[in-house]
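Trainee: Enclosed is the structure file run23.pdb (PDB, C-alpha atoms, pLDDT in the B column).
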ATOM      1  CA  MET A 282       4.569 -11.226  24.474  1.00 60.00           C
ATOM      2  CA  VAL A 283       6.202  -8.576  26.662  1.00 64.00           C
ATOM      3  CA  ASP A 284       9.626  -9.734  25.442  1.00 77.00           C
ATOM      4  CA  LEU A 285       8.503  -9.393  21.843  1.00 70.00           C
ATOM      5  CA  MET A 286       7.242  -5.855  22.450  1.00 73.00           C
ATOM      6  CA  GLN A 287      10.709  -4.883  23.708  1.00 83.00           C
ATOM      7  CA  ASP A 288      12.590  -6.561  20.855  1.00 91.00           C
ATOM      8  CA  GLU A 289      14.465  -4.072  18.656  1.00 95.00           C
ATOM      9  CA  VAL A 290      13.496  -5.815  15.400  1.00 96.00           C
ATOM     10  CA  PHE A 291       9.830  -6.065  16.402  1.00 97.00           C
ATOM     11  CA  MET A 292       9.715  -2.372  17.335  1.00 96.00           C
ATOM     12  CA  ALA A 293      11.260  -1.425  13.974  1.00 97.00           C
ATOM     13  CA  PHE A 294       8.830  -3.723  12.158  1.00 98.00           C
ATOM     14  CA  SER A 295       5.895  -2.210  14.054  1.00 97.00           C
ATOM     15  CA  THR A 296       7.033   1.316  13.220  1.00 97.00           C
ATOM     16  CA  TYR A 297       7.477   0.737   9.492  1.00 98.00           C
ATOM     17  CA  SER A 298       4.371  -1.433   9.214  1.00 98.00           C
ATOM     18  CA  LEU A 299       2.301   1.303  10.802  1.00 98.00           C
ATOM     19  CA  ILE A 300       3.812   3.871   8.440  1.00 98.00           C
ATOM     20  CA  VAL A 301       2.796   1.905   5.337  1.00 98.00           C
ATOM     21  CA  ILE A 302      -0.591   0.987   6.821  1.00 98.00           C
ATOM     22  CA  LEU A 303      -1.316   4.659   7.537  1.00 98.00           C
ATOM     23  CA  LYS A 304      -0.219   5.549   4.003  1.00 98.00           C
ATOM     24  CA  LEU A 305      -2.565   2.861   2.700  1.00 97.00           C
ATOM     25  CA  MET A 306      -5.412   4.194   4.821  1.00 97.00           C
ATOM     26  CA  MET A 307      -4.807   7.756   3.604  1.00 97.00           C
ATOM     27  CA  MET A 308      -5.503   6.657   0.051  1.00 97.00           C
ATOM     28  CA  ALA A 309      -9.245   6.142   0.710  1.00 96.00           C
ATOM     29  CA  PRO A 310      -9.915   9.802   1.582  1.00 97.00           C
ATOM     30  CA  ILE A 311      -7.801  10.828  -1.405  1.00 97.00           C
ATOM     31  CA  VAL A 312     -10.010   8.678  -3.650  1.00 96.00           C
ATOM     32  CA  ALA A 313     -13.092  10.317  -2.103  1.00 95.00           C
ATOM     33  CA  HIS A 314     -11.623  13.778  -2.645  1.00 97.00           C
ATOM     34  CA  TYR A 315     -10.986  13.020  -6.308  1.00 96.00           C
ATOM     35  CA  ARG A 316     -14.497  11.595  -6.726  1.00 94.00           C
ATOM     36  CA  PHE A 317     -16.109  14.739  -5.311  1.00 92.00           C
ATOM     37  CA  SER A 318     -13.801  17.222  -7.025  1.00 95.00           C
ATOM     38  CA  ARG A 319     -14.177  15.482 -10.406  1.00 94.00           C
ATOM     39  CA  GLY A 320     -17.874  14.665  -9.973  1.00 91.00           C
ATOM     40  CA  ALA A 321     -17.294  11.014 -10.834  1.00 92.00           C
ATOM     41  CA  PHE A 322     -19.130   8.479  -8.705  1.00 92.00           C
ATOM     42  CA  ALA A 323     -19.416   4.704  -8.967  1.00 89.00           C
ATOM     43  CA  ASN A 324     -22.778   4.053  -7.289  1.00 88.00           C
ATOM     44  CA  GLU A 325     -26.193   5.588  -7.743  1.00 83.00           C
ATOM     45  CA  GLU A 326     -26.661   6.116  -4.018  1.00 84.00           C
ATOM     46  CA  ASP A 327     -23.459   8.214  -3.966  1.00 82.00           C
ATOM     47  CA  VAL A 328     -25.047  10.993  -6.020  1.00 83.00           C
ATOM     48  CA  GLY A 329     -27.943  11.503  -3.625  1.00 80.00           C
ATOM     49  CA  HIS A 330     -31.329  12.849  -4.582  1.00 76.00           C
ATOM     50  CA  ARG A 331     -30.268  14.762  -7.659  1.00 80.00           C
ATOM     51  CA  PRO A 332     -32.333  14.928 -10.824  1.00 79.00           C
ATOM     52  CA  THR A 333     -31.980  11.925 -13.152  1.00 76.00           C
ATOM     53  CA  GLU A 334     -29.991  13.892 -15.751  1.00 79.00           C
ATOM     54  CA  ASP A 335     -27.444  15.002 -13.143  1.00 75.00           C
ATOM     55  CA  LYS A 336     -27.156  11.450 -11.837  1.00 75.00           C
ATOM     56  CA  LYS A 337     -26.377  10.157 -15.322  1.00 77.00           C
ATOM     57  CA  LYS A 338     -23.604  12.736 -15.699  1.00 82.00           C
ATOM     58  CA  MET A 339     -22.087  11.894 -12.326  1.00 89.00           C
ATOM     59  CA  LEU A 340     -22.213   8.095 -12.625  1.00 86.00           C
ATOM     60  CA  ARG A 341     -19.051   7.791 -14.641  1.00 88.00           C
ATOM     61  CA  THR A 342     -15.380   7.075 -14.443  1.00 93.00           C
ATOM     62  CA  HIS A 343     -12.729   9.762 -14.521  1.00 95.00           C
ATOM     63  CA  PRO A 344      -9.040   9.188 -15.345  1.00 95.00           C
ATOM     64  CA  ASP A 345      -7.835  11.000 -12.215  1.00 96.00           C
ATOM     65  CA  VAL A 346     -10.123   8.987  -9.936  1.00 96.00           C
ATOM     66  CA  GLU A 347      -9.093   5.753 -11.604  1.00 96.00           C
ATOM     67  CA  ARG A 348      -5.400   6.600 -11.183  1.00 97.00           C
ATOM     68  CA  VAL A 349      -5.842   7.115  -7.435  1.00 97.00           C
ATOM     69  CA  ARG A 350      -7.955   3.949  -7.177  1.00 97.00           C
ATOM     70  CA  ARG A 351      -5.277   1.898  -8.932  1.00 97.00           C
ATOM     71  CA  CYS A 352      -2.618   3.322  -6.625  1.00 98.00           C
ATOM     72  CA  HIS A 353      -4.760   2.375  -3.620  1.00 98.00           C
ATOM     73  CA  GLN A 354      -5.349  -1.103  -5.041  1.00 98.00           C
ATOM     74  CA  ASN A 355      -1.620  -1.564  -5.583  1.00 98.00           C
ATOM     75  CA  ASP A 356      -1.006  -0.626  -1.937  1.00 97.00           C
ATOM     76  CA  LEU A 357      -3.530  -3.233  -0.811  1.00 97.00           C
ATOM     77  CA  GLU A 358      -1.822  -5.871  -2.950  1.00 98.00           C
ATOM     78  CA  ASN A 359       1.613  -5.101  -1.503  1.00 98.00           C
ATOM     79  CA  VAL A 360       1.243  -3.774   2.043  1.00 98.00           C
ATOM     80  CA  ILE A 361      -0.836  -6.697   3.334  1.00 98.00           C
ATOM     81  CA  PRO A 362       1.687  -9.344   2.206  1.00 98.00           C
ATOM     82  CA  PHE A 363       4.546  -7.242   3.626  1.00 98.00           C
ATOM     83  CA  VAL A 364       2.895  -7.045   7.036  1.00 98.00           C
ATOM     84  CA  LEU A 365       2.106 -10.778   7.121  1.00 98.00           C
ATOM     85  CA  VAL A 366       5.506 -11.903   5.828  1.00 98.00           C
ATOM     86  CA  GLY A 367       7.235  -9.291   7.987  1.00 98.00           C
ATOM     87  CA  PHE A 368       5.646 -10.686  11.136  1.00 97.00           C
ATOM     88  CA  PHE A 369       6.997 -14.164  10.401  1.00 96.00           C
ATOM     89  CA  TYR A 370      10.312 -12.603   9.426  1.00 97.00           C
ATOM     90  CA  VAL A 371      10.576 -10.938  12.841  1.00 96.00           C
ATOM     91  CA  LEU A 372       9.834 -14.265  14.532  1.00 94.00           C
ATOM     92  CA  SER A 373      12.623 -15.925  12.512  1.00 95.00           C
ATOM     93  CA  GLY A 374      15.263 -13.898  14.346  1.00 94.00           C
ATOM     94  CA  PRO A 375      16.889 -11.801  11.603  1.00 96.00           C
ATOM     95  CA  GLU A 376      19.933  -9.605  12.152  1.00 97.00           C
ATOM     96  CA  PRO A 377      18.671  -6.193  13.335  1.00 97.00           C
ATOM     97  CA  SER A 378      20.616  -4.295  10.660  1.00 97.00           C
ATOM     98  CA  ALA A 379      19.275  -6.535   7.868  1.00 98.00           C
ATOM     99  CA  ALA A 380      15.736  -6.287   9.219  1.00 98.00           C
ATOM    100  CA  LEU A 381      15.912  -2.511   9.474  1.00 98.00           C
ATOM    101  CA  LEU A 382      17.182  -2.331   5.886  1.00 98.00           C
ATOM    102  CA  HIS A 383      14.261  -4.482   4.688  1.00 98.00           C
ATOM    103  CA  PHE A 384      11.689  -2.398   6.556  1.00 98.00           C
ATOM    104  CA  ARG A 385      13.105   0.955   5.455  1.00 98.00           C
ATOM    105  CA  LEU A 386      13.422  -0.107   1.831  1.00 98.00           C
ATOM    106  CA  PHE A 387       9.838  -1.338   1.741  1.00 98.00           C
ATOM    107  CA  ALA A 388       8.371   1.777   3.363  1.00 98.00           C
ATOM    108  CA  GLY A 389      10.452   4.051   1.146  1.00 98.00           C
ATOM    109  CA  SER A 390       9.497   2.141  -1.983  1.00 98.00           C
ATOM    110  CA  ARG A 391       5.773   2.336  -1.210  1.00 98.00           C
ATOM    111  CA  ILE A 392       5.900   6.057  -0.451  1.00 98.00           C
ATOM    112  CA  CYS A 393       7.908   6.652  -3.625  1.00 98.00           C
ATOM    113  CA  HIS A 394       5.507   4.444  -5.608  1.00 98.00           C
ATOM    114  CA  SER A 395       2.496   6.487  -4.514  1.00 97.00           C
ATOM    115  CA  ILE A 396       4.186   9.798  -5.254  1.00 97.00           C
ATOM    116  CA  VAL A 397       5.237   8.817  -8.768  1.00 97.00           C
ATOM    117  CA  TYR A 398       1.894   7.116  -9.443  1.00 97.00           C
ATOM    118  CA  LEU A 399      -0.214  10.089  -8.381  1.00 96.00           C
ATOM    119  CA  ALA A 400       2.086  12.599 -10.084  1.00 96.00           C
ATOM    120  CA  ALA A 401       2.017  10.499 -13.286  1.00 95.00           C
ATOM    121  CA  VAL A 402       5.817  10.429 -13.462  1.00 97.00           C
ATOM    122  CA  ARG A 403       7.010   8.562 -16.530  1.00 95.00           C
ATOM    123  CA  GLN A 404       8.171   4.983 -16.293  1.00 95.00           C
ATOM    124  CA  PRO A 405      10.414   3.326 -15.154  1.00 97.00           C
ATOM    125  CA  CYS A 406      10.096   5.228 -11.842  1.00 96.00           C
ATOM    126  CA  ARG A 407       6.877   3.553 -10.772  1.00 97.00           C
ATOM    127  CA  VAL A 408       7.858   0.036 -11.783  1.00 98.00           C
ATOM    128  CA  LEU A 409      11.246   0.362 -10.078  1.00 98.00           C
ATOM    129  CA  SER A 410       9.689   1.481  -6.803  1.00 98.00           C
ATOM    130  CA  PHE A 411       7.161  -1.354  -7.096  1.00 98.00           C
ATOM    131  CA  LEU A 412       9.897  -3.921  -7.756  1.00 98.00           C
ATOM    132  CA  VAL A 413      11.952  -2.773  -4.767  1.00 98.00           C
ATOM    133  CA  GLY A 414       8.959  -3.446  -2.492  1.00 98.00           C
ATOM    134  CA  VAL A 415       8.325  -6.848  -4.060  1.00 98.00           C
ATOM    135  CA  ALA A 416      12.026  -7.748  -3.793  1.00 98.00           C
ATOM    136  CA  VAL A 417      12.032  -6.854  -0.094  1.00 98.00           C
ATOM    137  CA  THR A 418       9.006  -9.055   0.598  1.00 98.00           C
ATOM    138  CA  LEU A 419      10.529 -11.918  -1.416  1.00 98.00           C
ATOM    139  CA  SER A 420      13.840 -11.524   0.404  1.00 98.00           C
ATOM    140  CA  MET A 421      12.120 -11.780   3.772  1.00 98.00           C
ATOM    141  CA  THR A 422      10.164 -14.799   2.515  1.00 97.00           C
ATOM    142  CA  TYR A 423      13.383 -16.504   1.422  1.00 97.00           C
ATOM    143  CA  HIS A 424      14.953 -15.803   4.818  1.00 96.00           C
ATOM    144  CA  ILE A 425      11.981 -17.346   6.614  1.00 96.00           C
ATOM    145  CA  LEU A 426      11.848 -20.409   4.374  1.00 95.00           C
ATOM    146  CA  SER A 427      15.587 -20.989   4.673  1.00 94.00           C
ATOM    147  CA  LYS A 428      15.168 -21.211   8.443  1.00 92.00           C
ATOM    148  CA  VAL A 429      11.927 -23.144   8.783  1.00 87.00           C
ATOM    149  CA  LEU A 430      11.356 -25.154   5.597  1.00 83.00           C
ATOM    150  CA  VAL A 431      10.290 -28.662   6.488  1.00 74.00           C
ATOM    151  CA  LEU A 432       9.280 -30.989   3.681  1.00 58.00           C
TER     152      LEU A 432
END
Represent the structure contained in this file as structure tokens.
Mentor:
Amino acid sequence: MVDLMQDEVFMAFSTYSLIVILKLMMMAPIVAHYRFSRGAFANEEDVGHRPTEDKKKMLRTHPDVERVRRCHQNDLENVIPFVLVGFFYVLSGPEPSAALLHFRLFAGSRICHSIVYLAAVRQPCRVLSFLVGVAVTLSMTYHILSKVLVL
């Protein structure tokens, strides 16, 4: 384990994984901020002890809140597979330069994806940033399978 912690590829993977995990975690407070600032809550207990009429007005969806929620959901659907596949990728002994390229591309694509999603930038910006992240994860998966596939 100590050897792994000193491995250049593992350290790069850890760095970029933590960056995208922190970005993912930052989305939850952003969702909460949008819920409070837009007065749009999903659960009755979230609106507290307000009068019934106020509760009815606040138990609703809001386009801004839903946009941030979808961005957060997309992060969950992409960051978790990257971290899991990336760990096996590191164990497969990739070239450090190729590994660093994979990690940087993924982190950059996820940051870019969130920016264009939250800023409502017109397509194809969001889909391109999404596809770069997916391509990176698939590329790492292919690398792993080409080394360890046993049928």
Trainee: Under the rule that all atoms listed in the file are counted, which of A:Thr418, A:Gln404, A:Ser395, A:Thr296 is the nearest residue to His353 (chain A)?
Mentor: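 Among the listed residues, A:Ser395 lies closest to His353 (chain A).
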Trainee: Once the PyMOL selection byres ((chain A and resi 321) around 9) has been evaluated on this model, what residues remain selected, and can you format them as a ChimeraX atom specification?
Mentor: /A:315-320,322-323,338-343,346
Trainee: Written as a PyMOL selection string, which residues does the PyMOL selection byres ((chain A and resi 407-412) around 7) give for the file shown?
Mentor: chain A and resi 390-391+393-394+397-398+404-406+413-416
Trainee: Looking at all atoms listed in the file, which of A:Gln354, A:Asn324, A:Val402, A:Val364 is the one that sits closest to Phe384 (chain A)?
Mentor: A:Val364
Trainee: For CA of Ile425 (chain A) and CA of Ile361 (chain A), quote the distance in Å rounded to one decimal.
Mentor: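 Going from CA of Ile425 (chain A) over to CA of Ile361 (chain A), I get 17.0 Å.
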Trainee: Within 12 Å of Pro362 (chain A), counting all atoms listed in the file, which residues qualify if same-chain residues fewer than 5 places away don't, as an MDAnalysis selection string?
Mentor: chainID A and resid 298 301:302 355:357 367:370 387 414:415 417:419 421:422
Trainee: Give the answer as one residue: which of A:Leu365, A:Val349, A:Leu399, A:Val431 has the shortest atom-to-atom distance to His314 (chain A), using only C-alpha atoms?
Mentor: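 Of the candidates, the smallest distance to His314 (chain A) is held by A:Val349.
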Trainee: Between CA of Ser373 (chain A) and CA of Val360 (chain A), what distance in Å does the model show, to one decimal?
Mentor: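 Answer for the CA of Ser373 (chain A) to CA of Val360 (chain A) separation: 19.7 Å.
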Trainee: Would you tabulate, counting only C-alpha atoms, all residues of region 343-383 of chain A that have an atom at most 7 Å from an atom of region 283-295 of chain A, showing the closest pair of atoms and their distance in Å to one decimal, sorted by chain then ascending number, as CSV?
Mentor:
residue,atom,partner,partner_atom,distance
A:Val371,CA,A:Phe291,CA,6.1
A:Pro377,CA,A:Val290,CA,5.6
A:Ala380,CA,A:Val290,CA,6.6
A:Leu381,CA,A:Ala293,CA,6.6
